[in-house]
Structures are given as C-alpha cells and as structure tokens.
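Q: Below are the structure tokens for one structure; questions will follow.
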Amino acid sequence: MNLDRRHFLSRASLLTGAVTLGQTGAVLAQSPSPAAMEAKAPPMPALGTSLALPEVPLFDGTLFRPAQAEGQVLVIYWWASDCPFCALQSPEMQKLWLSQRQRGLQMLTLSIDRKREEALAYLQKKGYTFPAGFVTPAIQRVLPKPRGLPITLVRGRDGKLLQAEKGQLFPEDVELLGRWIG
C-alpha cells in the first residue's frame, strides 16, 4: 500500500509539474524575459546612420509624432525604473529638457520596464516631465533599443545619428548634449 501511494504521489507531482511548465512556457513565449530581449538587441547604430522614428503614445496622453522631430535635434533615451545607472542619469535628463526645450530640443524617452504602470509610477514619484513613452513591439520594430542601458542617442536636424552613448552619462556629459542645438 505504501508503495502504491508513493507511486501515485510521484506521478501526480510529475503531472502537476508538466502542467505548470506548459502554462509557464506559454506565458514566457508571449513575454520574453529582459535577458532574452537584451541578448537579441542590436549593437549601437553607427554615427551618420539615418534613424527612423515611430509614433509613440506618451504617458501624459499625447502622441509623439515623427514629424515633430523634422529639422530638430532629438535626444532619444532608453531607461528603466529599476536601473541604478538610469536613476543617476534621469535627473540630469530632466534638467536638460527643462533648460533646452525652449531652444528647440526635442526629447523622446522610452521606458523598457516590464509593466507600463511601473514606469508611470516612477515618473510621477520623481516628478519627471520629459516626454516619455513605453516600448512596445511596434516601437521596437521601427526603433530597436541597442544593447545596454541606459542608452542615449542624439539625432540631428537631418535625421542622422550625431552621438550614441551606452551606459550612464555624467551630469557634464548630459549638459553637453545641448551643444547639438546650435
């Protein structure tokens, strides 16, 4: 009798594990892990490369349209609410936005958080007002995030890449991004 019970419990445990794995596999297939996404991320684009821009719904309810950046300098910044290096760079990006937007600087920041709500809560908590959206597969197809985080790109008035930085920029480096405005 003991042997039968062990056999039954062992089979039940295997069956439960298989069902759980099947469900988990389906969820993972729909939503790749950050590590899997990062492994597939392209390298930094070369300077002088033309950068296509997607339409991006912003957290403030507006829509970033590529036409907004035509003939303008655009800073593109990928970040995450749980990225310690982004936490150090984002306040500087906010300062850049506030000091240079009147001079014509355009900015598009893109959260790679797993949940939109986490990114929105982070922006609200920190009081950031720079234009921010959430990376979706559609955005990723047009403007793929390069490998690394944070990522900062500067797109020139002609639509070509002027500067590409991977990793945290120091305050003086972020301030220097304003030099591209002219």
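Each chain in the structure tokens gets a letter, A, B, ..., in the order shown, and its residues are numbered from 1; ligands are numbered from 1 in order too.
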Near Ile151 in chain A, within 9 Å and counting only C-alpha atoms, which residues show up once chain neighbours fewer than 5 positions away are dropped, as a count of residues only?
A: 12
Q: Do you know which residues are at most 10 Å from Leu74 in chain A counting only C-alpha atoms, after dropping those on the same chain fewer than 2 positions away, and could you put them as a PyMOL selection string?
A: chain A and resi 68-72+76-77+104-108+153-157+159+161-162+177+180-181
Q: Would you give me, as a PyMOL selection string, the residues in chain A that DSSP reads as alpha helix (DSSP H)?
A: chain A and resi 2-30+34-40+84-100+116-126+137-142+171-176
Q: Give me the residues within 12 Å of Thr136 in chain A as number ranges by chain, counting only C-alpha atoms and dropping any in the same chain fewer than 6 places off.
A: A: 31, 54-58, 110-116, 142-145
Q: Mind writing the picked residues with all heavy atoms as a short mmCIF file (atom, residue, chain, number, x, y, z; two decimals), in the first residue's frame?
A:
```cif
data_model
loop_
_atom_site.label_atom_id
_atom_site.label_comp_id
_atom_site.auth_asym_id
_atom_site.auth_seq_id
_atom_site.Cartn_x
_atom_site.Cartn_y
_atom_site.Cartn_z
N SER A 31 5.88 36.77 -23.60
CA SER A 31 6.58 37.89 -22.99
C SER A 31 8.03 37.48 -22.70
O SER A 31 8.29 36.92 -21.64
CB SER A 31 5.85 38.28 -21.70
OG SER A 31 6.59 39.22 -20.99
N PRO A 54 9.27 56.07 -34.73
CA PRO A 54 7.89 55.59 -34.67
C PRO A 54 6.99 56.63 -34.02
O PRO A 54 7.47 57.57 -33.38
CB PRO A 54 8.00 54.37 -33.76
CG PRO A 54 9.10 54.76 -32.80
CD PRO A 54 10.08 55.58 -33.61
N GLU A 55 5.69 56.45 -34.17
CA GLU A 55 4.75 57.20 -33.34
C GLU A 55 4.78 56.53 -31.97
O GLU A 55 4.81 55.30 -31.88
CB GLU A 55 3.34 57.15 -33.91
CG GLU A 55 3.16 58.07 -35.08
CD GLU A 55 1.70 58.29 -35.44
OE1 GLU A 55 0.81 57.56 -34.94
OE2 GLU A 55 1.45 59.19 -36.25
N VAL A 56 4.79 57.34 -30.93
CA VAL A 56 4.88 56.80 -29.57
C VAL A 56 3.81 57.45 -28.70
O VAL A 56 3.84 58.67 -28.49
CB VAL A 56 6.28 57.06 -28.94
CG1 VAL A 56 6.34 56.52 -27.52
CG2 VAL A 56 7.38 56.46 -29.81
N PRO A 57 2.87 56.66 -28.17
CA PRO A 57 1.94 57.20 -27.19
C PRO A 57 2.73 57.54 -25.92
O PRO A 57 3.48 56.71 -25.40
CB PRO A 57 0.96 56.05 -26.93
CG PRO A 57 1.20 55.06 -28.02
CD PRO A 57 2.60 55.27 -28.50
N LEU A 58 2.58 58.77 -25.45
CA LEU A 58 3.31 59.21 -24.26
C LEU A 58 2.46 59.05 -23.01
O LEU A 58 1.23 59.03 -23.07
CB LEU A 58 3.77 60.66 -24.43
CG LEU A 58 4.67 60.92 -25.65
CD1 LEU A 58 4.99 62.40 -25.77
CD2 LEU A 58 5.94 60.09 -25.58
N LEU A 110 12.20 56.47 -23.55
CA LEU A 110 11.46 55.22 -23.70
C LEU A 110 11.76 54.27 -22.56
O LEU A 110 12.91 53.87 -22.37
CB LEU A 110 11.85 54.57 -25.04
CG LEU A 110 11.50 55.39 -26.27
CD1 LEU A 110 12.24 54.88 -27.49
CD2 LEU A 110 10.00 55.39 -26.49
N SER A 111 10.73 53.94 -21.81
CA SER A 111 10.87 53.00 -20.70
C SER A 111 10.85 51.58 -21.23
O SER A 111 10.00 51.22 -22.05
CB SER A 111 9.72 53.17 -19.71
OG SER A 111 9.66 52.07 -18.84
N ILE A 112 11.76 50.76 -20.70
CA ILE A 112 11.75 49.33 -21.04
C ILE A 112 11.25 48.50 -19.86
O ILE A 112 11.46 47.29 -19.82
CB ILE A 112 13.13 48.84 -21.53
CG1 ILE A 112 14.16 48.92 -20.41
CG2 ILE A 112 13.56 49.60 -22.77
CD1 ILE A 112 15.37 48.06 -20.66
N ASP A 113 10.59 49.14 -18.91
CA ASP A 113 10.03 48.40 -17.78
C ASP A 113 9.10 47.30 -18.29
O ASP A 113 8.52 47.41 -19.36
CB ASP A 113 9.24 49.35 -16.86
CG ASP A 113 10.15 50.17 -15.99
OD1 ASP A 113 10.72 49.62 -15.04
OD2 ASP A 113 10.29 51.38 -16.26
N ARG A 114 8.96 46.24 -17.49
CA ARG A 114 8.08 45.13 -17.89
C ARG A 114 6.61 45.53 -17.86
O ARG A 114 5.81 45.02 -18.63
CB ARG A 114 8.29 43.92 -16.99
CG ARG A 114 9.70 43.42 -17.13
CD ARG A 114 9.98 42.02 -17.20
NE ARG A 114 8.98 41.02 -17.25
CZ ARG A 114 9.11 39.95 -17.98
NH1 ARG A 114 10.16 39.79 -18.73
NH2 ARG A 114 8.20 39.01 -17.95
N LYS A 115 6.27 46.46 -16.96
CA LYS A 115 4.89 46.91 -16.84
C LYS A 115 4.82 48.42 -16.99
O LYS A 115 5.58 49.16 -16.36
CB LYS A 115 4.30 46.51 -15.49
CG LYS A 115 4.19 45.02 -15.29
CD LYS A 115 3.60 44.69 -13.94
CE LYS A 115 3.56 43.19 -13.72
NZ LYS A 115 3.18 42.88 -12.36
N ARG A 116 3.88 48.86 -17.81
CA ARG A 116 3.67 50.28 -18.06
C ARG A 116 3.42 51.04 -16.75
O ARG A 116 3.90 52.14 -16.56
CB ARG A 116 2.48 50.41 -19.00
CG ARG A 116 2.19 51.78 -19.47
CD ARG A 116 0.97 51.79 -20.40
NE ARG A 116 0.82 53.05 -21.06
CZ ARG A 116 0.38 54.15 -20.47
NH1 ARG A 116 0.01 54.13 -19.21
NH2 ARG A 116 0.28 55.28 -21.14
N VAL A 142 10.49 49.63 -35.32
CA VAL A 142 10.94 50.83 -36.04
C VAL A 142 12.23 51.39 -35.46
O VAL A 142 13.14 51.79 -36.20
CB VAL A 142 9.83 51.93 -36.01
CG1 VAL A 142 10.30 53.20 -36.68
CG2 VAL A 142 8.55 51.41 -36.65
N LEU A 143 12.33 51.41 -34.14
CA LEU A 143 13.48 51.99 -33.45
C LEU A 143 13.95 51.02 -32.37
O LEU A 143 13.61 51.16 -31.20
CB LEU A 143 13.08 53.34 -32.82
CG LEU A 143 14.18 54.14 -32.16
CD1 LEU A 143 15.24 54.59 -33.17
CD2 LEU A 143 13.59 55.37 -31.46
N PRO A 144 14.72 50.00 -32.76
CA PRO A 144 15.13 48.99 -31.78
C PRO A 144 16.13 49.55 -30.77
O PRO A 144 17.03 50.30 -31.13
CB PRO A 144 15.76 47.90 -32.63
CG PRO A 144 16.10 48.54 -33.92
CD PRO A 144 15.19 49.70 -34.11
N LYS A 145 15.93 49.17 -29.51
CA LYS A 145 16.85 49.59 -28.45
C LYS A 145 18.16 48.84 -28.61
O LYS A 145 18.18 47.64 -28.66
CB LYS A 145 16.27 49.30 -27.06
CG LYS A 145 17.18 49.79 -25.93
CD LYS A 145 16.78 49.26 -24.59
CE LYS A 145 17.42 47.98 -24.20
NZ LYS A 145 18.86 47.86 -24.24
#
```
Q: Suppose you want the space between CA of Thr129 in chain A and CA of Gln94 in chain A; what is it in Å?
A: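 Rounded to one decimal, the two atoms are 7.0 Å apart.
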Q: Using Å and a single decimal, report how far CA of Gln163 in chain A sits from CA of Leu47 in chain A.
A: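 Separation between CA of Leu47 in chain A and CA of Gln163 in chain A: 6.4 Å.
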Q: Between A:Ala67, A:Val73, A:Ala80, A:Glu92, which one has atoms that come closest to Gly182 in chain A, using only C-alpha atoms?
A: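 Looking at the shortest contact to Gly182 in chain A, the residue is A:Val73.
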